[in-house]
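Q: Here you go, upload39.txt (compact mmCIF, C-alpha atoms and all ligand atoms):
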# COMPACT_ATOMS: atom_id res chain seq x y z
CA MET A 1 0.00 0.00 0.00
CA ALA A 2 1.34 3.41 -0.99
CA LYS A 3 2.18 5.81 1.79
CA HIS A 4 -0.02 8.53 0.26
CA ARG A 5 -3.35 7.67 -1.33
CA ILE A 6 -4.65 10.84 -2.95
CA THR A 7 -7.87 11.58 -4.83
CA PHE A 8 -7.18 13.03 -8.29
CA ILE A 9 -10.16 14.75 -9.97
CA THR A 10 -9.03 15.14 -13.55
CA GLY A 11 -11.61 17.79 -14.56
CA ASP A 12 -12.80 18.63 -18.08
CA GLY A 13 -11.74 21.05 -20.86
CA ILE A 14 -7.95 21.37 -20.41
CA GLY A 15 -8.26 19.46 -17.09
CA PRO A 16 -7.19 15.97 -18.26
CA GLU A 17 -4.06 17.18 -20.08
CA ILE A 18 -2.75 19.33 -17.23
CA SER A 19 -3.68 16.53 -14.77
CA GLU A 20 -1.53 14.04 -16.66
CA VAL A 21 1.46 16.39 -16.56
CA ALA A 22 0.98 17.49 -12.93
CA GLY A 23 0.58 13.85 -11.82
CA LYS A 24 3.85 12.87 -13.53
CA CYS A 25 5.71 15.84 -11.99
CA ILE A 26 4.47 14.93 -8.49
CA GLU A 27 5.44 11.27 -9.00
CA ALA A 28 8.88 12.38 -10.25
CA THR A 29 9.66 13.84 -6.80
CA GLY A 30 10.00 10.21 -5.70
CA ILE A 31 7.24 10.22 -3.08
CA ASP A 32 5.24 7.06 -2.57
CA VAL A 33 1.84 7.95 -4.04
CA GLU A 34 -1.18 6.06 -5.30
CA TRP A 35 -3.80 8.10 -7.18
CA ASP A 36 -7.49 7.44 -6.63
CA ILE A 37 -8.65 8.86 -9.99
CA GLN A 38 -12.15 10.36 -9.91
CA THR A 39 -14.16 12.09 -12.62
CA ALA A 40 -16.74 14.83 -12.10
CA GLY A 41 -18.40 17.53 -14.19
CA LEU A 42 -20.35 17.74 -17.41
CA ASP A 43 -19.45 14.32 -18.92
CA VAL A 44 -20.26 12.63 -15.63
CA LEU A 45 -23.61 14.45 -15.45
CA GLU A 46 -24.62 12.80 -18.72
CA LYS A 47 -23.63 9.30 -17.55
CA GLU A 48 -24.46 9.35 -13.84
CA GLY A 49 -27.19 12.00 -13.60
CA THR A 50 -25.15 14.28 -11.34
CA PRO A 51 -21.93 16.24 -11.92
CA LEU A 52 -20.70 15.37 -8.44
CA PRO A 53 -21.44 11.72 -7.62
CA ASP A 54 -21.17 10.57 -3.98
CA ARG A 55 -18.17 8.39 -4.93
CA VAL A 56 -16.09 11.58 -5.39
CA LEU A 57 -16.97 12.95 -1.96
CA GLU A 58 -16.48 9.52 -0.38
CA SER A 59 -13.06 9.26 -2.00
CA ILE A 60 -11.96 12.63 -0.57
CA ARG A 61 -13.41 11.79 2.86
CA ARG A 62 -11.53 8.49 2.80
CA ASN A 63 -8.18 9.85 1.52
CA LYS A 64 -8.46 13.29 3.23
CA VAL A 65 -6.44 14.87 0.40
CA ALA A 66 -7.39 15.64 -3.19
CA ILE A 67 -5.96 17.47 -6.17
CA LYS A 68 -8.37 18.75 -8.77
CA ALA A 69 -8.14 20.10 -12.31
CA PRO A 70 -10.73 22.70 -13.42
CA ILE A 71 -14.34 21.78 -14.13
CA THR A 72 -16.64 23.72 -16.47
CA THR A 73 -19.74 25.36 -15.01
CA PRO A 74 -22.04 25.99 -18.00
CA VAL A 75 -24.03 29.22 -17.68
CA GLY A 76 -27.81 29.06 -17.35
CA THR A 77 -28.30 25.27 -17.26
CA GLY A 78 -29.22 24.92 -13.59
CA PHE A 79 -26.04 22.82 -13.32
CA ARG A 80 -24.65 23.48 -9.86
CA SER A 81 -20.96 24.43 -9.72
CA VAL A 82 -18.99 21.33 -8.72
CA ASN A 83 -16.29 23.59 -7.33
CA VAL A 84 -18.63 25.43 -4.98
CA ALA A 85 -20.43 22.15 -4.07
CA LEU A 86 -17.15 20.46 -3.09
CA ARG A 87 -16.19 23.34 -0.82
CA LYS A 88 -19.62 23.29 0.82
CA GLU A 89 -20.01 19.51 1.19
CA LEU A 90 -16.55 19.10 2.73
CA ASP A 91 -16.66 22.36 4.72
CA LEU A 92 -13.36 23.47 3.18
CA TYR A 93 -13.39 26.71 5.13
CA ALA A 94 -9.93 28.07 4.32
CA CYS A 95 -8.95 29.05 0.80
CA VAL A 96 -5.20 29.62 0.56
CA ARG A 97 -3.78 31.40 -2.50
CA PRO A 98 -0.05 32.07 -2.54
CA CYS A 99 0.90 34.83 -4.98
CA LYS A 100 4.62 34.79 -5.59
CA SER A 101 6.87 36.38 -8.20
CA TYR A 102 8.84 33.90 -10.28
CA PRO A 103 11.61 35.48 -12.38
CA GLY A 104 10.76 34.87 -16.02
CA VAL A 105 7.02 35.36 -15.60
CA ARG A 106 6.06 38.61 -17.26
CA SER A 107 4.64 41.04 -14.68
CA ARG A 108 4.79 44.70 -13.73
CA TYR A 109 6.14 43.81 -10.29
CA GLU A 110 8.86 41.69 -8.72
CA ASN A 111 9.68 40.31 -5.27
CA ILE A 112 6.08 39.69 -4.31
CA ASP A 113 5.37 36.86 -1.88
CA ILE A 114 1.85 37.27 -0.53
CA VAL A 115 -0.42 34.54 0.79
CA ILE A 116 -4.16 35.18 0.74
CA VAL A 117 -6.17 33.30 3.38
CA ARG A 118 -9.81 33.65 2.43
CA GLU A 119 -12.79 32.51 4.52
CA ASN A 120 -14.71 30.15 2.26
CA THR A 121 -18.12 29.51 3.84
CA GLU A 122 -19.76 32.75 5.02
CA ASP A 123 -20.31 36.38 4.00
CA LEU A 124 -22.28 37.50 0.94
CA TYR A 125 -20.91 34.36 -0.72
CA ALA A 126 -23.12 32.14 1.48
CA GLY A 127 -25.67 32.56 -1.31
CA ILE A 128 -28.58 33.64 0.90
CA GLU A 129 -30.45 35.81 -1.58
CA PHE A 130 -33.98 37.04 -2.17
CA GLN A 131 -35.07 37.92 -5.69
CA LYS A 132 -36.67 41.34 -6.22
CA GLY A 133 -40.45 41.40 -6.17
CA THR A 134 -40.92 37.91 -4.65
CA LYS A 135 -43.15 37.63 -1.61
CA GLU A 136 -40.12 36.49 0.45
CA ALA A 137 -38.16 39.61 -0.54
CA LEU A 138 -41.12 41.91 0.20
CA LYS A 139 -41.77 40.21 3.55
CA LEU A 140 -38.12 40.55 4.50
CA ILE A 141 -38.06 44.24 3.50
CA ASN A 142 -41.14 44.91 5.67
CA GLU A 143 -39.74 43.00 8.62
CA ILE A 144 -36.40 44.77 8.47
CA ALA A 145 -38.19 48.13 8.22
CA SER A 146 -39.98 47.38 11.50
CA LEU A 147 -36.61 46.66 13.17
CA ASP A 148 -34.51 49.55 11.90
CA PRO A 149 -35.78 52.98 10.78
CA LYS A 150 -32.94 53.23 8.20
CA ALA A 151 -34.36 50.16 6.50
CA LYS A 152 -37.52 52.11 5.61
CA LYS A 153 -35.47 53.47 2.74
CA ILE A 154 -35.09 50.03 1.12
CA ARG A 155 -37.05 50.24 -2.11
CA PRO A 156 -39.65 47.49 -2.63
CA ASP A 157 -38.10 46.60 -5.98
CA SER A 158 -34.80 45.62 -4.33
CA GLY A 159 -33.07 42.28 -4.48
CA ILE A 160 -31.52 41.34 -1.13
CA SER A 161 -28.34 39.41 -0.31
CA ILE A 162 -27.53 38.53 3.28
CA LYS A 163 -24.03 38.82 4.74
CA PRO A 164 -23.55 36.52 7.74
CA ILE A 165 -20.16 36.66 9.50
CA SER A 166 -19.99 34.56 12.67
CA VAL A 167 -17.71 34.44 15.69
CA GLU A 168 -17.02 30.73 15.10
CA GLY A 169 -16.36 31.12 11.36
CA THR A 170 -14.06 34.09 11.91
CA GLU A 171 -12.23 32.53 14.82
CA ARG A 172 -11.29 29.45 12.81
CA ILE A 173 -10.10 31.38 9.72
CA VAL A 174 -8.00 33.92 11.62
CA ARG A 175 -6.42 31.19 13.75
CA PHE A 176 -5.78 29.23 10.55
CA ALA A 177 -3.95 32.30 9.13
CA PHE A 178 -1.76 32.66 12.23
CA GLU A 179 -1.00 28.91 12.34
CA TYR A 180 -0.15 29.04 8.61
CA ALA A 181 2.18 31.99 9.29
CA LEU A 182 3.93 30.09 12.08
CA ALA A 183 4.26 26.86 10.09
CA ASN A 184 5.62 28.69 7.03
CA ARG A 185 7.95 31.07 8.84
CA ARG A 186 5.93 34.10 7.89
CA LYS A 187 6.30 37.28 9.89
CA ARG A 188 3.05 39.19 9.60
CA VAL A 189 -0.71 38.74 9.28
CA THR A 190 -2.90 41.60 7.99
CA ALA A 191 -6.69 41.43 8.45
CA VAL A 192 -8.65 43.09 5.64
CA HIS A 193 -12.14 44.46 6.27
CA LYS A 194 -14.57 47.35 5.97
CA ALA A 195 -15.21 47.60 9.71
CA ASN A 196 -15.66 51.37 9.59
CA ILE A 197 -18.93 50.89 7.67
CA MET A 198 -20.08 47.31 8.40
CA LYS A 199 -19.63 47.34 12.15
CA TYR A 200 -21.49 44.16 13.04
CA THR A 201 -20.01 41.90 10.37
CA ASP A 202 -16.60 43.24 9.35
CA GLY A 203 -16.32 44.89 12.79
CA LEU A 204 -16.77 41.47 14.36
CA PHE A 205 -14.19 39.99 11.98
CA LEU A 206 -11.65 42.62 13.01
CA GLU A 207 -12.37 42.33 16.74
CA ILE A 208 -11.87 38.56 16.66
CA ALA A 209 -8.71 38.85 14.58
CA ARG A 210 -7.29 41.34 17.12
CA GLU A 211 -8.11 39.00 20.01
CA ALA A 212 -6.61 35.95 18.27
CA ALA A 213 -3.44 37.94 17.46
CA LYS A 214 -2.68 38.17 21.19
CA ASP A 215 -2.06 34.40 21.20
CA TYR A 216 0.62 34.74 18.50
CA PRO A 217 3.17 37.21 19.90
CA ASP A 218 5.84 36.16 17.38
CA ILE A 219 3.70 37.16 14.39
CA ALA A 220 3.14 40.88 13.74
CA PHE A 221 -0.51 41.81 13.25
CA ASP A 222 -2.15 44.79 11.61
CA ASP A 223 -5.27 45.54 9.59
CA ARG A 224 -6.33 47.48 6.51
CA ILE A 225 -9.64 48.74 5.20
CA VAL A 226 -10.27 46.84 1.97
CA ASP A 227 -10.27 49.87 -0.38
CA ASN A 228 -7.00 51.14 1.07
CA MET A 229 -5.64 47.57 0.84
CA CYS A 230 -6.34 47.52 -2.91
CA MET A 231 -4.44 50.77 -3.37
CA GLN A 232 -1.51 49.56 -1.25
CA LEU A 233 -1.36 46.28 -3.17
CA VAL A 234 -0.94 48.05 -6.48
CA GLN A 235 1.53 50.57 -5.01
CA VAL A 236 3.70 48.54 -2.60
CA PRO A 237 2.78 44.84 -2.86
CA GLU A 238 6.27 43.75 -1.73
CA GLY A 239 5.39 45.06 1.73
CA TYR A 240 2.71 42.44 2.47
CA ASP A 241 2.93 38.91 3.81
CA VAL A 242 -0.18 36.91 4.90
CA LEU A 243 -3.60 38.53 4.36
CA VAL A 244 -6.72 37.14 6.06
CA LEU A 245 -10.09 38.19 4.64
CA PRO A 246 -13.83 37.45 4.66
CA ASN A 247 -15.09 35.55 1.64
CA LEU A 248 -16.00 38.30 -0.87
CA TYR A 249 -12.94 40.53 -0.32
CA GLY A 250 -10.83 37.35 -0.44
CA ASP A 251 -12.32 36.41 -3.79
CA ILE A 252 -11.56 39.81 -5.30
CA LEU A 253 -8.10 40.31 -3.80
CA SER A 254 -6.99 36.77 -4.77
CA ASP A 255 -7.37 37.65 -8.43
CA LEU A 256 -5.86 41.10 -7.90
CA CYS A 257 -2.77 39.48 -6.35
CA ALA A 258 -2.65 36.77 -9.05
CA GLY A 259 -2.55 39.66 -11.54
CA LEU A 260 0.38 41.23 -9.68
CA VAL A 261 2.50 38.11 -10.21
CA GLY A 262 1.61 37.35 -13.82
CA GLY A 263 -1.92 36.00 -13.96
CA LEU A 264 -3.96 32.87 -13.42
CA GLY A 265 -1.64 30.55 -15.39
CA VAL A 266 0.78 30.52 -12.45
CA ALA A 267 -1.65 30.85 -9.52
CA PRO A 268 -2.09 27.75 -7.35
CA GLY A 269 -4.71 27.29 -4.66
CA ALA A 270 -5.75 25.14 -1.72
CA ASN A 271 -9.09 24.67 0.02
CA ILE A 272 -8.60 23.28 3.48
CA GLY A 273 -11.02 21.95 6.11
CA GLU A 274 -11.08 19.60 9.09
CA LYS A 275 -12.35 16.66 7.03
CA GLY A 276 -10.17 17.03 3.97
CA SER A 277 -8.17 19.31 1.70
CA LEU A 278 -8.50 20.06 -1.98
CA PHE A 279 -5.68 21.54 -4.05
CA GLU A 280 -6.52 23.19 -7.37
CA ALA A 281 -5.33 25.69 -9.95
CA THR A 282 -7.04 29.05 -9.80
CA HIS A 283 -7.81 29.17 -13.52
CA GLY A 284 -10.78 27.52 -15.23
CA SER A 285 -11.18 24.75 -17.82
CA ALA A 286 -10.36 27.00 -20.85
CA PRO A 287 -12.57 24.82 -23.14
CA LYS A 288 -11.29 26.46 -26.33
CA TYR A 289 -7.85 24.91 -25.72
CA LYS A 290 -9.15 21.43 -24.88
CA GLY A 291 -6.98 18.61 -26.24
CA MET A 292 -4.51 20.97 -27.96
CA ASN A 293 -1.50 20.28 -25.68
CA LYS A 294 -1.08 24.06 -25.53
CA VAL A 295 -1.86 25.46 -22.06
CA ASN A 296 0.39 26.07 -19.12
CA PRO A 297 0.43 23.28 -16.50
CA THR A 298 2.23 25.46 -13.91
CA ALA A 299 -0.75 26.42 -11.71
CA LEU A 300 -1.78 22.80 -11.19
CA ILE A 301 1.83 21.69 -10.61
CA LEU A 302 2.29 24.47 -8.03
CA SER A 303 -1.00 23.37 -6.41
CA GLY A 304 0.72 19.97 -6.19
CA VAL A 305 3.64 21.70 -4.44
CA LEU A 306 1.22 23.06 -1.82
CA MET A 307 -0.27 19.58 -1.48
CA LEU A 308 3.13 17.95 -1.00
CA ARG A 309 3.95 20.37 1.81
CA HIS A 310 0.51 19.79 3.35
CA ILE A 311 0.99 16.00 3.47
CA GLY A 312 4.39 16.35 5.14
CA GLU A 313 6.53 15.99 1.98
CA LYS A 314 8.15 19.42 2.32
CA ASN A 315 11.41 18.47 0.67
CA ALA A 316 9.61 17.03 -2.36
CA GLY A 317 7.45 20.18 -2.55
CA ASP A 318 10.45 22.50 -2.31
CA ARG A 319 12.35 20.58 -5.00
CA LEU A 320 9.39 20.56 -7.37
CA GLU A 321 8.84 24.30 -6.88
CA GLN A 322 12.52 24.96 -7.58
CA ALA A 323 12.39 22.85 -10.76
CA VAL A 324 9.32 24.80 -11.98
CA ALA A 325 10.99 28.12 -11.09
CA GLU A 326 14.17 27.21 -12.99
CA VAL A 327 12.30 26.12 -16.13
CA ILE A 328 10.31 29.37 -16.07
CA LYS A 329 13.43 31.47 -15.47
CA GLU A 330 15.27 29.85 -18.40
CA GLY A 331 12.21 30.54 -20.56
CA LYS A 332 13.09 27.91 -23.16
CA TYR A 333 10.63 25.09 -22.48
CA VAL A 334 7.59 27.18 -21.60
CA THR A 335 4.08 27.43 -23.05
CA TYR A 336 2.82 30.24 -25.30
CA ASP A 337 1.41 32.37 -22.47
CA MET A 338 4.89 32.77 -20.97
CA LYS A 339 6.43 34.08 -24.16
CA GLU A 340 6.67 37.79 -24.88
CA LYS A 341 4.69 37.31 -28.08
CA ARG A 342 1.89 34.77 -27.85
CA GLN A 343 2.51 33.63 -31.44
CA ASP A 344 6.15 32.82 -30.61
CA LYS A 345 6.86 29.58 -32.49
CA SER A 346 9.44 28.49 -29.90
CA ALA A 347 6.72 27.95 -27.26
CA VAL A 348 6.40 24.31 -26.27
CA GLY A 349 3.29 22.30 -25.40
CA THR A 350 1.87 21.29 -22.02
CA ARG A 351 3.57 17.86 -22.05
CA GLU A 352 6.93 19.22 -23.19
CA MET A 353 6.96 21.82 -20.40
CA GLY A 354 6.17 19.00 -17.95
CA GLU A 355 9.06 16.92 -19.32
CA ALA A 356 11.45 19.88 -18.92
CA ILE A 357 10.33 20.26 -15.27
CA ILE A 358 10.92 16.54 -14.62
CA THR A 359 14.39 16.71 -16.21
CA LYS A 360 15.21 19.73 -14.04
CA LEU A 361 13.81 18.01 -10.94
CA LYS A 362 16.32 15.18 -11.32
CA LYS A 363 19.11 17.76 -10.92
CA VAL A 364 17.61 19.47 -7.85
CA VAL A 365 18.90 17.42 -4.93
CA SER A 366 17.65 19.56 -2.07
CA VAL A 367 16.48 23.09 -1.40
CA LYS A 368 17.77 25.19 1.49
CA GLY A 369 15.30 26.92 3.75
P1 LIG A 401 -10.50 30.19 -17.77
O1 LIG A 401 -9.51 30.38 -16.67
O2 LIG A 401 -10.87 28.79 -18.08
O3 LIG A 401 -9.92 30.78 -19.12
C1 LIG A 401 -9.76 32.15 -19.40
C2 LIG A 401 -8.58 32.33 -20.33
O4 LIG A 401 -7.40 32.26 -19.54
C3 LIG A 401 -8.42 31.22 -21.37
O5 LIG A 401 -9.14 31.47 -22.53
C4 LIG A 401 -6.94 31.24 -21.61
O6 LIG A 401 -6.63 32.28 -22.49
C5 LIG A 401 -6.38 31.58 -20.26
N1 LIG A 401 -5.96 30.41 -19.49
C6 LIG A 401 -6.63 29.77 -18.49
N2 LIG A 401 -5.91 28.76 -18.01
C7 LIG A 401 -4.75 28.75 -18.72
C8 LIG A 401 -3.59 27.94 -18.68
N3 LIG A 401 -3.45 26.93 -17.80
N4 LIG A 401 -2.61 28.20 -19.55
C9 LIG A 401 -2.70 29.21 -20.42
N5 LIG A 401 -3.76 30.02 -20.51
C10 LIG A 401 -4.78 29.79 -19.66
O7 LIG A 401 -11.78 31.06 -17.41
P2 LIG A 401 -13.22 31.08 -18.04
O8 LIG A 401 -13.12 31.04 -19.54
O9 LIG A 401 -13.90 32.22 -17.38
O10 LIG A 401 -13.91 29.76 -17.52
C11 LIG A 401 -14.05 28.56 -18.29
C12 LIG A 401 -14.81 27.54 -17.46
O11 LIG A 401 -14.04 27.16 -16.30
C13 LIG A 401 -16.14 28.07 -16.91
O12 LIG A 401 -17.11 27.06 -17.05
C14 LIG A 401 -15.86 28.32 -15.45
O13 LIG A 401 -17.01 28.19 -14.65
C15 LIG A 401 -14.85 27.25 -15.14
N6 LIG A 401 -13.99 27.55 -13.97
C16 LIG A 401 -13.64 26.50 -13.20
C17 LIG A 401 -12.79 26.72 -12.13
C18 LIG A 401 -12.42 25.53 -11.27
O14 LIG A 401 -12.68 24.40 -11.66
N7 LIG A 401 -11.83 25.76 -10.13
C19 LIG A 401 -12.28 27.98 -11.85
C20 LIG A 401 -12.63 29.05 -12.70
C21 LIG A 401 -13.49 28.82 -13.78
What's the structure tokens form of this structure?
A:
Amino acid sequence: MAKHRITFITGDGIGPEISEVAGKCIEATGIDVEWDIQTAGLDVLEKEGTPLPDRVLESIRRNKVAIKAPITTPVGTGFRSVNVALRKELDLYACVRPCKSYPGVRSRYENIDIVIVRENTEDLYAGIEFQKGTKEALKLINEIASLDPKAKKIRPDSGISIKPISVEGTERIVRFAFEYALANRRKRVTAVHKANIMKYTDGLFLEIAREAAKDYPDIAFDDRIVDNMCMQLVQVPEGYDVLVLPNLYGDILSDLCAGLVGGLGVAPGANIGEKGSLFEATHGSAPKYKGMNKVNPTALILSGVLMLRHIGEKNAGDRLEQAVAEVIKEGKYVTYDMKEKRQDKSAVGTREMGEAIITKLKKVVSVKG
């Protein structure tokens, strides 16, 4: 029996081709791994009547760790997003998005090394919404008006979204951020909020973050109002370390920070909970490139790096990251999106970039740090 049994959801669109390459790169680190391959998404919906069969969830619950390639969410079909469903079903409350500069990736900035820790289950993202004009929305508007005079100004033709932020949900995400900082030798955690305006939700988030910070004297703590944070991130991103945010701000700032370091092609991600963890690239299934052996496998490979560290294979993770970084820096065996001109004929395919990373990996014996 392999030491690590890991669920691998191979996705659709470009998913299968980047999965094949990422799987080979992870195996090439020499760790003892057995993949429990699972399919989900549109093709599975046709065959099994659901895009997310129970076998997938059972596999993750059993193995506790999964890596996933992107899955298409068709617009306007009533097809529930498998990505959102997985996070909900497994209570993957912490979304971790490292945004790091790799020399060779084209970007306006350098020396960025920010980790976004986003709460994944609450906030406006909880999906508690009332459609304008429905009797539920009208009832809610009337009830709120009887509780708060300001609410009398809510127009009857309003749609309503509810923003719950709880003590328990906040406590676990801010503690997760501090524990992550300690485990990864980070120096500072910054809480991001709009507590000046939303006193009972963002205010609560900030208050709990301040309290939790007292238990981590070795990690510096500060906070920023989200609009100011956006300005600071485009002006002095090198100055930031770990950011902890409620769900919606986390969603927006994750992409902002991915943009600072060269875009979604190089942005890995992790969704972590008590019952399991799911590692996935930030980008989608790019259906127009399906089967063309064209797209960049880096984001999924770097998600594999996060996974290796998470399962205690730090050395393997560090070596694989170094191999990826060196291939990118050399710029020879990289996909079209990493070339200065996208039509550059010297760009290689997905598989060839993977092979170059594996060749490089064989030369990386260990990584200091
Ligand atoms: P996308 O990320 O799939 O593609 C947008 C563009 O980014 C592509 O056309 C391509 O130019 C580029 N791109 C993306 N990944 C790349 C890669 N690895 N290498 C090189 N270029 C790359 O975003 P989209 O078009 O908005 O979404 C397509 C589908 O993916 C949608 O159904 C969406 O719901 C889904 N999606 C899934 C996930 C997930 O599974 N976690 C995340 C985001 C979007």
Q: Counting all atoms listed in the file, which protein, DNA or RNA residues come within 10 Å of ligand LIG 401 (chain A), given as a ChimeraX atom specification?
A: /A:11-15,18,41-42,68-75,81-84,263-267,269,279-289,294-300,335-338,350
Q: Find, counting all atoms listed in the file, the residue in A:Ser254, A:Asn63, A:Gln322, A:Asn315 that gets nearest to Ile301 of chain A.
A: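 Of all the options, A:Gln322 lies closest to Ile301 of chain A.
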Q: Could the residues of segment 158-203 of chain A that have an atom at most 6 Å from segment 221-245 of chain A be listed as a Markdown table, each with its closest atom pair and the distance in Å to one decimal, counting only C-alpha atoms and ordered by chain and ascending residue number?
A:
| residue | atom | partner | partner_atom | distance |
| --- | --- | --- | --- | --- |
| A:Arg188 | CA | A:Phe221 | CA | 5.7 |
| A:Val189 | CA | A:Val242 | CA | 4.8 |
| A:Thr190 | CA | A:Leu243 | CA | 4.8 |
| A:Ala191 | CA | A:Asp223 | CA | 4.5 |
| A:Val192 | CA | A:Arg224 | CA | 5.0 |
| A:His193 | CA | A:Ile225 | CA | 5.1 |
| A:Lys194 | CA | A:Ile225 | CA | 5.2 |
Q: Enumerate, as a ChimeraX atom specification, the protein, DNA and RNA residues whose atoms approach (3.2, 24.3, 1.1) to within 10 Å, taking into account all atoms listed in the file and the coordinate frame of the file.
A: /A:96,98,180,183-184,270,302-314,317-318,321
Q: Tell me which of A:Ile219, A:Ile37, A:Leu204, A:Val174 sits closest to Lys187 of chain A, counting all atoms listed in the file.
A: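 Comparing A:Ile219, A:Ile37, A:Leu204, A:Val174 against Lys187 of chain A, the winner is A:Ile219.
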Q: Could you please determine the separation between atom CA of Ile154 of chain A and atom CA of Ile141 of chain A in Å, to one decimal place?
A: 6.9 Å
Q: Between A:Ile6, A:Ile144, A:Ala22, A:Val105, which one has atoms that come closest to Gln38 of chain A, using all atoms listed in the file?
A: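 Once distances to Gln38 of chain A are computed over all atoms listed in the file, the minimum belongs to A:Ile6.
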